[in-house]
file model30.txt (compact mmCIF, C-alpha atoms)
# COMPACT_ATOMS: atom_id res chain seq x y z
CA MET A 14 18.95 70.76 103.87
CA ASP A 15 16.89 67.61 104.02
CA LEU A 16 14.76 66.73 101.00
CA ILE A 17 12.23 63.94 100.95
CA LEU A 18 10.89 62.96 97.52
CA TRP A 19 7.74 60.94 98.08
CA ARG A 20 5.82 59.22 95.32
CA HIS A 21 2.03 59.12 95.74
CA ALA A 22 0.59 55.80 96.93
CA GLU A 23 -1.50 53.37 94.87
CA ALA A 24 -4.45 55.07 93.13
CA GLU A 25 -7.67 54.05 91.37
CA GLU A 26 -8.10 54.39 87.64
CA HIS A 27 -10.05 57.41 86.39
CA ALA A 28 -10.48 59.08 83.03
CA ASP A 29 -9.28 62.36 84.53
CA ASP A 30 -5.69 61.65 85.65
CA LEU A 31 -5.60 64.56 88.09
CA ARG A 32 -8.68 63.28 89.93
CA ARG A 33 -7.54 59.71 90.60
CA ARG A 34 -8.06 58.85 94.26
CA LEU A 35 -6.00 56.54 96.47
CA THR A 36 -7.22 52.96 96.80
CA THR A 37 -7.71 51.44 100.26
CA LYS A 38 -4.27 49.87 99.89
CA GLY A 39 -2.88 53.24 98.82
CA ARG A 40 -4.26 54.95 101.91
CA LYS A 41 -2.56 52.32 104.08
CA GLN A 42 0.72 52.80 102.21
CA ALA A 43 0.52 56.56 102.74
CA GLN A 44 -0.24 56.11 106.44
CA ARG A 45 2.67 53.75 106.95
CA ALA A 46 5.16 56.04 105.23
CA ALA A 47 3.74 59.09 107.06
CA GLN A 48 4.11 57.45 110.47
CA TRP A 49 7.71 56.57 109.70
CA LEU A 50 8.48 60.09 108.50
CA LEU A 51 6.72 61.85 111.39
CA HIS A 52 8.90 59.98 113.88
CA ARG A 53 12.08 61.08 112.15
CA LEU A 54 11.51 64.47 110.54
CA PRO A 55 12.34 67.62 112.49
CA ALA A 56 9.32 69.18 114.26
CA ARG A 57 9.02 71.81 111.53
CA PHE A 58 9.13 70.88 107.88
CA THR A 59 7.63 72.17 104.64
CA LEU A 60 5.19 69.94 102.79
CA ILE A 61 4.63 70.58 99.08
CA SER A 62 2.36 68.51 96.85
CA SER A 63 1.46 68.10 93.23
CA PRO A 64 -2.12 69.26 92.56
CA ALA A 65 -3.17 65.71 91.56
CA VAL A 66 -5.65 64.24 94.06
CA ARG A 67 -3.58 61.06 94.60
CA ALA A 68 -0.54 63.14 95.58
CA HIS A 69 -2.56 65.48 97.79
CA GLN A 70 -4.21 62.53 99.55
CA THR A 71 -0.79 60.97 100.12
CA ALA A 72 0.52 64.25 101.58
CA GLN A 73 -2.54 64.50 103.87
CA ALA A 74 -1.38 61.41 105.74
CA LEU A 75 1.26 63.64 107.39
CA GLY A 76 -1.45 65.78 108.96
CA THR A 77 0.37 69.08 108.44
CA PRO A 78 -0.47 72.06 106.16
CA ILE A 79 0.12 71.34 102.48
CA LYS A 80 1.33 73.82 99.90
CA VAL A 81 0.04 72.81 96.46
CA GLU A 82 2.51 73.56 93.69
CA GLN A 83 1.22 73.43 90.11
CA SER A 84 4.71 72.86 88.72
CA LEU A 85 4.80 69.44 90.46
CA ALA A 86 1.88 68.05 88.40
CA PRO A 87 2.60 64.89 86.34
CA GLY A 88 5.32 65.64 83.81
CA ALA A 89 7.31 67.93 86.14
CA THR A 90 10.89 68.42 85.01
CA PRO A 91 13.84 67.82 87.37
CA LYS A 92 14.46 71.57 87.22
CA ALA A 93 10.90 72.34 88.38
CA ILE A 94 11.11 69.81 91.22
CA ILE A 95 14.49 71.05 92.40
CA ALA A 96 13.27 74.68 92.23
CA ALA A 97 10.05 73.89 94.15
CA ALA A 98 12.13 72.25 96.89
CA GLY A 99 14.50 75.21 97.19
CA TRP A 100 17.41 72.78 96.79
CA PRO A 101 20.22 73.14 97.83
CA ASP A 102 19.98 76.31 99.92
CA TYR A 103 16.75 75.97 101.89
CA LYS A 104 17.36 75.81 105.63
CA GLY A 105 15.35 72.92 106.97
CA ALA A 106 13.43 69.93 105.69
CA VAL A 107 11.14 69.81 102.64
CA VAL A 108 8.81 66.98 101.69
CA ILE A 109 7.74 66.90 98.02
CA VAL A 110 4.89 64.61 96.99
CA GLY A 111 4.80 63.93 93.29
CA HIS A 112 4.93 61.45 90.43
CA GLN A 113 7.01 59.03 88.41
CA PRO A 114 9.08 59.18 86.33
CA ASP A 115 9.45 62.84 87.36
CA LEU A 116 10.81 62.30 90.88
CA GLY A 117 13.13 59.51 89.67
CA ARG A 118 14.62 61.84 87.07
CA ALA A 119 15.21 64.54 89.65
CA LEU A 120 16.85 61.98 91.95
CA ALA A 121 19.14 60.64 89.24
CA GLN A 122 20.20 64.18 88.46
CA LEU A 123 20.82 65.13 92.09
CA LEU A 124 22.71 61.96 92.95
CA SER A 125 24.56 60.94 89.83
CA GLY A 126 24.19 63.75 87.32
CA ALA A 127 22.59 61.20 84.99
CA GLN A 128 19.27 61.27 83.15
CA GLY A 129 17.63 58.39 84.96
CA PRO A 130 14.84 57.89 85.79
CA TRP A 131 15.51 55.93 88.95
CA SER A 132 12.81 53.56 90.08
CA ILE A 133 10.56 54.69 92.95
CA LYS A 134 7.71 52.41 93.95
CA LYS A 135 4.24 53.71 94.75
CA GLY A 136 4.18 55.21 98.21
CA ALA A 137 7.98 55.01 98.52
CA PHE A 138 10.20 57.94 99.44
CA TRP A 139 13.82 58.97 99.19
CA TRP A 140 15.38 61.11 101.89
CA ILE A 141 18.51 62.95 100.81
CA SER A 142 20.55 65.70 102.41
CA ASN A 143 23.40 67.89 101.36
CA ARG A 144 26.48 68.87 103.31
CA VAL A 145 29.98 70.16 102.82
CA ARG A 146 32.79 67.89 103.98
CA ASP A 147 36.48 68.66 103.46
CA GLY A 148 35.44 71.49 101.15
CA ASP A 149 33.40 69.19 98.90
CA ALA A 150 29.66 69.45 98.47
CA GLN A 151 28.14 66.01 99.05
CA VAL A 152 24.67 64.62 98.60
CA VAL A 153 23.91 61.84 101.05
CA VAL A 154 21.07 59.34 100.83
CA ARG A 155 19.75 58.94 104.35
CA ALA A 156 16.95 56.56 103.47
CA ALA A 157 15.08 55.11 100.51
CA VAL A 158 12.22 52.84 101.45
CA SER A 159 8.93 51.60 100.08
CA PRO A 160 5.93 51.03 102.36
CA ASP A 161 6.33 47.22 102.19
CA LEU A 162 9.78 47.59 103.81
CA LEU A 163 8.56 49.66 106.74
CA MET B 6 20.44 39.32 91.42
CA GLU B 7 19.82 41.06 94.71
CA LEU B 8 22.91 42.57 96.27
CA ILE B 9 22.95 44.24 99.64
CA LEU B 10 25.97 46.41 100.42
CA TRP B 11 26.44 46.87 104.14
CA ARG B 12 29.09 49.21 105.49
CA HIS B 13 30.60 48.14 108.81
CA ALA B 14 29.32 50.00 111.85
CA ASP B 15 31.22 52.58 113.93
CA ALA B 16 34.65 51.27 114.97
CA GLU B 17 37.42 52.26 117.38
CA ASP B 18 40.61 53.84 116.13
CA GLY B 19 43.65 51.61 116.04
CA ALA B 20 47.11 51.30 114.54
CA ASP B 21 46.25 47.95 112.97
CA ASP B 22 43.41 48.76 110.57
CA MET B 23 42.37 45.12 110.22
CA ALA B 24 42.02 44.67 114.00
CA ARG B 25 39.79 47.69 114.78
CA ARG B 26 36.80 46.65 116.91
CA LEU B 27 33.29 48.09 116.87
CA THR B 28 32.58 50.71 119.51
CA PRO B 29 29.56 50.17 121.82
CA ALA B 30 27.61 52.56 119.51
CA GLY B 31 28.75 50.49 116.54
CA GLU B 32 27.54 47.29 118.16
CA LYS B 33 24.11 48.88 118.62
CA GLN B 34 24.09 50.04 114.98
CA ALA B 35 24.94 46.56 113.77
CA ALA B 36 22.28 44.96 115.96
CA ALA B 37 19.58 47.39 114.80
CA MET B 38 20.46 46.91 111.14
CA ALA B 39 20.63 43.13 111.56
CA GLN B 40 17.16 43.09 113.06
CA TRP B 41 15.76 45.05 110.11
CA LEU B 42 17.58 42.81 107.63
CA ARG B 43 16.27 39.61 109.21
CA ALA B 44 12.73 40.97 108.85
CA HIS B 45 13.17 41.64 105.12
CA LEU B 46 15.71 39.17 103.74
CA PRO B 47 14.50 36.01 102.01
CA ALA B 48 14.96 32.70 103.86
CA GLN B 49 18.10 31.89 101.84
CA TYR B 50 20.95 34.35 101.39
CA THR B 51 24.73 34.45 101.43
CA VAL B 52 26.77 36.72 103.70
CA LEU B 53 30.23 37.72 102.45
CA ALA B 54 32.39 39.81 104.73
CA SER B 55 35.71 41.59 104.51
CA PRO B 56 38.34 40.00 106.76
CA ALA B 57 38.65 43.24 108.77
CA LEU B 58 37.42 42.68 112.33
CA ARG B 59 34.92 45.60 112.22
CA ALA B 60 33.26 44.05 109.15
CA GLN B 61 33.26 40.57 110.70
CA GLN B 62 31.68 41.92 113.89
CA THR B 63 29.03 43.80 111.88
CA ALA B 64 28.18 40.69 109.86
CA ALA B 65 28.08 38.54 113.01
CA ALA B 66 25.13 40.61 114.30
CA LEU B 67 22.95 38.80 111.75
CA GLY B 68 23.53 35.43 113.39
CA ALA B 69 23.97 33.73 110.01
CA SER B 70 27.05 31.93 108.75
CA ILE B 71 29.65 34.24 107.23
CA VAL B 72 31.92 33.61 104.28
CA THR B 73 35.10 35.67 104.67
CA ASP B 74 36.34 36.97 101.34
CA LYS B 75 39.80 38.54 101.31
CA THR B 76 39.04 40.42 98.10
CA LEU B 77 36.58 42.54 100.12
CA ALA B 78 39.29 43.95 102.43
CA PRO B 79 39.67 47.77 102.54
CA GLY B 80 40.59 49.05 99.07
CA ALA B 81 38.40 46.56 97.14
CA SER B 82 37.63 47.73 93.61
CA PRO B 83 34.07 47.84 92.20
CA ALA B 84 35.08 44.95 89.91
CA ALA B 85 36.29 42.86 92.86
CA ILE B 86 33.09 43.51 94.79
CA THR B 87 30.89 42.59 91.81
CA LYS B 88 32.97 39.49 91.14
CA ALA B 89 32.74 38.34 94.75
CA ALA B 90 28.94 38.70 94.61
CA GLN B 91 28.59 36.90 91.28
CA LYS B 92 30.21 33.74 92.65
CA HIS B 93 26.99 33.13 94.54
CA LYS B 94 23.40 32.67 93.46
CA GLY B 95 20.39 34.46 94.86
CA THR B 96 20.55 37.22 97.44
CA VAL B 97 24.07 38.22 98.46
CA LEU B 98 24.93 40.50 101.36
CA ILE B 99 28.41 42.04 101.32
CA VAL B 100 29.85 43.61 104.47
CA GLY B 101 32.69 45.93 103.57
CA HIS B 102 34.18 49.38 103.57
CA GLN B 103 34.07 52.88 102.22
CA PRO B 104 34.79 54.28 99.72
CA ASP B 105 34.78 50.80 98.13
CA LEU B 106 31.08 49.97 98.51
CA GLY B 107 29.96 53.45 97.38
CA ARG B 108 32.11 53.16 94.26
CA ALA B 109 30.60 49.75 93.51
CA ALA B 110 27.07 51.14 93.95
CA ALA B 111 27.78 54.05 91.58
CA GLN B 112 29.16 51.61 89.03
CA LEU B 113 26.26 49.15 89.28
CA VAL B 114 23.46 51.72 89.40
CA ALA B 115 24.70 54.58 87.25
CA SER B 116 27.69 53.10 85.39
CA ALA B 117 29.53 56.02 86.93
CA GLN B 118 32.99 56.30 88.41
CA SER B 119 32.07 58.30 91.44
CA GLU B 120 32.10 58.07 95.18
CA TRP B 121 28.69 57.63 96.71
CA HIS B 122 28.55 58.13 100.41
CA ILE B 123 27.30 55.25 102.54
CA GLU B 124 26.88 55.94 106.23
CA LYS B 125 28.45 53.71 108.88
CA GLY B 126 26.28 50.69 109.51
CA ALA B 127 23.93 51.53 106.61
CA ILE B 128 22.77 49.23 103.83
CA TRP B 129 22.16 49.86 100.13
CA TRP B 130 19.97 47.16 98.62
CA LEU B 131 20.39 46.78 94.85
CA ALA B 132 18.23 44.63 92.56
CA GLY B 133 18.77 43.41 89.00
CA GLU B 134 21.76 43.39 86.69
CA ALA B 135 23.58 46.64 85.84
CA PRO B 136 21.97 49.09 85.64
CA ALA B 137 20.69 47.94 89.00
CA ARG B 138 17.67 49.43 90.71
CA ILE B 139 18.02 50.72 94.26
CA LYS B 140 15.45 48.85 96.29
CA ALA B 141 16.24 50.39 99.64
CA VAL B 142 18.70 52.55 101.55
CA VAL B 143 18.49 52.27 105.32
CA SER B 144 20.74 53.75 108.01
CA PRO B 145 20.71 52.39 111.56
CA GLU B 146 20.24 55.86 113.05
CA LEU B 147 16.86 56.11 111.28
CA LEU B 148 15.56 52.75 112.47

call {"tool": "encode", "arguments": {"input": "model30.txt", "output": "structure tokens"}}
result
Amino acid sequence: MDLILWRHAEAEEHADDLRRRLTTKGRKQAQRAAQWLLHRLPARFTLISSPAVRAHQTAQALGTPIKVEQSLAPGATPKAIIAAAGWPDYKGAVVIVGHQPDLGRALAQLLSGAQGPWSIKKGAFWWISNRVRDGDAQVVVRAAVSPDLL
Amino acid sequence: MELILWRHADAEDGADDMARRLTPAGEKQAAAMAQWLRAHLPAQYTVLASPALRAQQTAAALGASIVTDKTLAPGASPAAITKAAQKHKGTVLIVGHQPDLGRAAAQLVASAQSEWHIEKGAIWWLAGEAPARIKAVVSPELL
């Protein structure tokens, strides 16, 4: 399967963390990443977002239906993120929009078995896929880019 | 330190491993990756390449001067790759082979002895001292 872990773009400050909105810059970051992804993702993919407004707004840039998953809210454990994605058995592509350090911890676990967290900049995403080669299960990083590198 | 690990692009088969040339698809991969790199590299950087022809041809796509480093030939250890990079200041781009580059990345990023897969013609851009941060992973097929 293909799994894209996408960190929400830059957001405004707000007393209520779950209601923080994207800044103008954040909206541009989300658009840039979304355009890149839309050109490369398969025609059908599953889009799952944290319930936080900044994550949901980032996901909206893709223009496809969004499934909101409460377990992806800030503080999500690697286990919750991996379960929400259906990794490793889901057939197809899943895009998860969430938070740091949560996504970076899930990545570190999937790729190195370590605690992490790995750094993921605002609006950046990691695209990983799994496959079996010569009888060994492998996780391959297909891309890891931040909006300023697109 | 910024260290970019670049695996050579797709190459022909051949009895002499050091003399294998890029295929036409490999030449396209190298050109696409070089174009992306030129857009994102700083003005000053050092290119170190394995002496194997497929690595030299990949590096040449950048159009910058290339330092050939024999310690980067197929079979280079993570220590050799790190040492080659540390001889130079600033941003260093190393064009080499698998599984060597993937082992070096695992060592630098996760202090792990494991084999990370790097696709043909792809780059892994690492930043900072060990543990290094992964700044970008880009494969030519996704450009």

call {"tool": "atom_distance", "arguments": {"input": "model30.txt", "atom1": "CA of Lys92 (chain B)", "atom2": "CA of Leu10 (chain B)"}}
result
15.5 Å

call {"tool": "atom_distance", "arguments": {"input": "model30.txt", "atom1": "CA of Ala36 (chain B)", "atom2": "CA of Ala66 (chain B)"}}
result
5.5 Å

call {"tool": "closest_residue", "arguments": {"input": "model30.txt", "among": "A:Val145, A:Ala150, A:Ala43, A:Leu16", "to": "Ala96 (chain A)", "atoms": "all atoms listed in the file"}}
result
A:Leu16

call {"tool": "closest_residue", "arguments": {"input": "model30.txt", "among": "B:Leu53, B:Arg26, B:Ala44, B:Ile71", "to": "chain A", "atoms": "only C-alpha atoms"}}
result
B:Ala44

call {"tool": "atom_distance", "arguments": {"input": "model30.txt", "atom1": "CA of Ala90 (chain B)", "atom2": "CA of Gln118 (chain B)"}}
result
19.1 Å

call {"tool": "residues_around", "arguments": {"input": "model30.txt", "residues": "region 126-139 of chain B", "least_positions_apart": "6", "cutoff": "6 Å", "atoms": "all atoms listed in the file", "output": "PyMOL selection string"}}
result
chain B and resi 6-14+34+113-114+145

call {"tool": "residues_around", "arguments": {"input": "model30.txt", "residues": "Leu123 (chain A)", "least_positions_apart": "6", "cutoff": "12 Å", "atoms": "only C-alpha atoms", "output": "list in words"}}
result
Leu16, Leu18, Pro91, Lys92, Ile94, Ile95, Trp100, Pro101, Leu116, Gly117, Gly129, Pro130, Trp131, Trp139, Trp140, Ile141, Ser142, Asn143, Ala150, Gln151, Val152, Val153 and Val154 of chain A; Trp121 of chain B

call {"tool": "closest_atom_pairs", "arguments": {"input": "model30.txt", "of": "chain A", "to": "chain B", "cutoff": "6 Å", "atoms": "all atoms listed in the file", "output": "tab-separated table"}}
result
residue	atom	partner	partner_atom	distance
A:Val153	CA	B:His122	CA	6.0
A:Ala156	CA	B:Val142	CA	4.8
A:Ala157	CA	B:Val142	CA	4.6
A:Val158	CA	B:Ala141	CA	5.0

call {"tool": "write_last_selection", "arguments": {"input": "model30.txt", "atoms": "C-alpha atoms", "output": "PDB file, in the frame of the given file"}}
result
ATOM      1  CA  VAL A 153      23.910  61.840 101.050  1.00  0.00           C
ATOM      2  CA  ALA A 156      16.950  56.560 103.470  1.00  0.00           C
ATOM      3  CA  ALA A 157      15.080  55.110 100.510  1.00  0.00           C
ATOM      4  CA  VAL A 158      12.220  52.840 101.450  1.00  0.00           C
TER       5      VAL A 158
END

call {"tool": "residues_around", "arguments": {"input": "model30.txt", "residues": "Thr90 (chain A)", "least_positions_apart": "4", "cutoff": "12 Å", "atoms": "all atoms listed in the file", "output": "count of residues only"}}
result
20

call {"tool": "residues_around", "arguments": {"input": "model30.txt", "residues": "Thr71 (chain A)", "least_positions_apart": "6", "cutoff": "9 Å", "atoms": "all atoms listed in the file", "output": "PyMOL selection string"}}
result
chain A and resi 19-22+35+39-40+42-44+47+62+110+136

call {"tool": "residues_near_point", "arguments": {"input": "model30.txt", "point": "(36.3, 40.9, 116.8)", "cutoff": "9 Å", "atoms": "only C-alpha atoms", "output": "list in words"}}
result
Ala24, Arg25, Arg26, Leu27, Ala57, Leu58, Arg59, Ala60, Gln61 and Gln62 of chain B

call {"tool": "residues_near_point", "arguments": {"input": "model30.txt", "point": "(30.3, 33.3, 105.9)", "cutoff": "8 Å", "atoms": "all atoms listed in the file", "output": "list of chain:residue names"}}
result
B:Thr51, B:Val52, B:Leu53, B:Ala54, B:Ala69, B:Ser70, B:Ile71, B:Val72, B:Thr73

call {"tool": "closest_residue", "arguments": {"input": "model30.txt", "among": "B:Lys75, B:Lys94, B:Lys33, B:His102", "to": "Pro56 (chain B)", "atoms": "all atoms listed in the file"}}
result
B:Lys75

call {"tool": "closest_residue", "arguments": {"input": "model30.txt", "among": "B:Gly95, B:Ser55, B:Tyr50, B:Asp21", "to": "Ala78 (chain B)", "atoms": "all atoms listed in the file"}}
result
B:Ser55

call {"tool": "closest_residue", "arguments": {"input": "model30.txt", "among": "A:Leu31, A:Ile133, A:Ile79, A:Ala93", "to": "Thr59 (chain A)", "atoms": "only C-alpha atoms"}}
result
A:Ile79

call {"tool": "build_atoms", "arguments": {"input": "model30.txt", "residues": "region 92-110 of chain B", "atoms": "N, CA and C atoms", "output": "PDB file, in the frame of the given file"}}
result
ATOM      1  N   LYS B  92      29.859  35.148  92.398  1.00  0.00           N
ATOM      2  CA  LYS B  92      30.210  33.740  92.650  1.00  0.00           C
ATOM      3  C   LYS B  92      29.072  33.004  93.324  1.00  0.00           C
ATOM      4  N   HIS B  93      28.084  33.757  93.798  1.00  0.00           N
ATOM      5  CA  HIS B  93      26.990  33.130  94.540  1.00  0.00           C
ATOM      6  C   HIS B  93      25.658  33.419  93.881  1.00  0.00           C
ATOM      7  N   LYS B  94      24.738  32.494  94.045  1.00  0.00           N
ATOM      8  CA  LYS B  94      23.400  32.670  93.460  1.00  0.00           C
ATOM      9  C   LYS B  94      22.475  33.317  94.484  1.00  0.00           C
ATOM     10  N   GLY B  95      21.419  33.925  93.972  1.00  0.00           N
ATOM     11  CA  GLY B  95      20.390  34.460  94.860  1.00  0.00           C
ATOM     12  C   GLY B  95      20.789  35.766  95.515  1.00  0.00           C
ATOM     13  N   THR B  96      20.314  35.967  96.725  1.00  0.00           N
ATOM     14  CA  THR B  96      20.550  37.220  97.440  1.00  0.00           C
ATOM     15  C   THR B  96      21.912  37.169  98.139  1.00  0.00           C
ATOM     16  N   VAL B  97      22.736  38.167  97.866  1.00  0.00           N
ATOM     17  CA  VAL B  97      24.070  38.220  98.460  1.00  0.00           C
ATOM     18  C   VAL B  97      24.212  39.499  99.279  1.00  0.00           C
ATOM     19  N   LEU B  98      24.717  39.355 100.486  1.00  0.00           N
ATOM     20  CA  LEU B  98      24.930  40.500 101.360  1.00  0.00           C
ATOM     21  C   LEU B  98      26.442  40.647 101.540  1.00  0.00           C
ATOM     22  N   ILE B  99      26.970  41.818 101.205  1.00  0.00           N
ATOM     23  CA  ILE B  99      28.410  42.040 101.320  1.00  0.00           C
ATOM     24  C   ILE B  99      28.682  43.064 102.418  1.00  0.00           C
ATOM     25  N   VAL B 100      29.495  42.683 103.387  1.00  0.00           N
ATOM     26  CA  VAL B 100      29.850  43.610 104.470  1.00  0.00           C
ATOM     27  C   VAL B 100      31.265  44.106 104.200  1.00  0.00           C
ATOM     28  N   GLY B 101      31.385  45.389 103.963  1.00  0.00           N
ATOM     29  CA  GLY B 101      32.690  45.930 103.570  1.00  0.00           C
ATOM     30  C   GLY B 101      32.889  47.359 104.016  1.00  0.00           C
ATOM     31  N   HIS B 102      33.615  48.100 103.166  1.00  0.00           N
ATOM     32  CA  HIS B 102      34.180  49.380 103.570  1.00  0.00           C
ATOM     33  C   HIS B 102      33.887  50.500 102.592  1.00  0.00           C
ATOM     34  N   GLN B 103      34.108  51.711 103.087  1.00  0.00           N
ATOM     35  CA  GLN B 103      34.070  52.880 102.220  1.00  0.00           C
ATOM     36  C   GLN B 103      35.500  53.321 101.927  1.00  0.00           C
ATOM     37  N   PRO B 104      35.770  53.920 100.748  1.00  0.00           N
ATOM     38  CA  PRO B 104      34.790  54.280  99.720  1.00  0.00           C
ATOM     39  C   PRO B 104      34.439  53.131  98.777  1.00  0.00           C
ATOM     40  N   ASP B 105      34.914  51.920  99.071  1.00  0.00           N
ATOM     41  CA  ASP B 105      34.780  50.800  98.130  1.00  0.00           C
ATOM     42  C   ASP B 105      33.325  50.506  97.760  1.00  0.00           C
ATOM     43  N   LEU B 106      32.469  50.366  98.782  1.00  0.00           N
ATOM     44  CA  LEU B 106      31.080  49.970  98.510  1.00  0.00           C
ATOM     45  C   LEU B 106      30.341  51.068  97.734  1.00  0.00           C
ATOM     46  N   GLY B 107      30.614  52.338  98.074  1.00  0.00           N
ATOM     47  CA  GLY B 107      29.960  53.450  97.380  1.00  0.00           C
ATOM     48  C   GLY B 107      30.372  53.531  95.922  1.00  0.00           C
ATOM     49  N   ARG B 108      31.634  53.185  95.660  1.00  0.00           N
ATOM     50  CA  ARG B 108      32.110  53.160  94.260  1.00  0.00           C
ATOM     51  C   ARG B 108      31.419  52.029  93.498  1.00  0.00           C
ATOM     52  N   ALA B 109      31.270  50.881  94.163  1.00  0.00           N
ATOM     53  CA  ALA B 109      30.600  49.750  93.510  1.00  0.00           C
ATOM     54  C   ALA B 109      29.144  50.093  93.214  1.00  0.00           C
ATOM     55  N   ALA B 110      28.477  50.764  94.158  1.00  0.00           N
ATOM     56  CA  ALA B 110      27.070  51.140  93.950  1.00  0.00           C
ATOM     57  C   ALA B 110      26.948  52.097  92.768  1.00  0.00           C
TER      58      ALA B 110
END
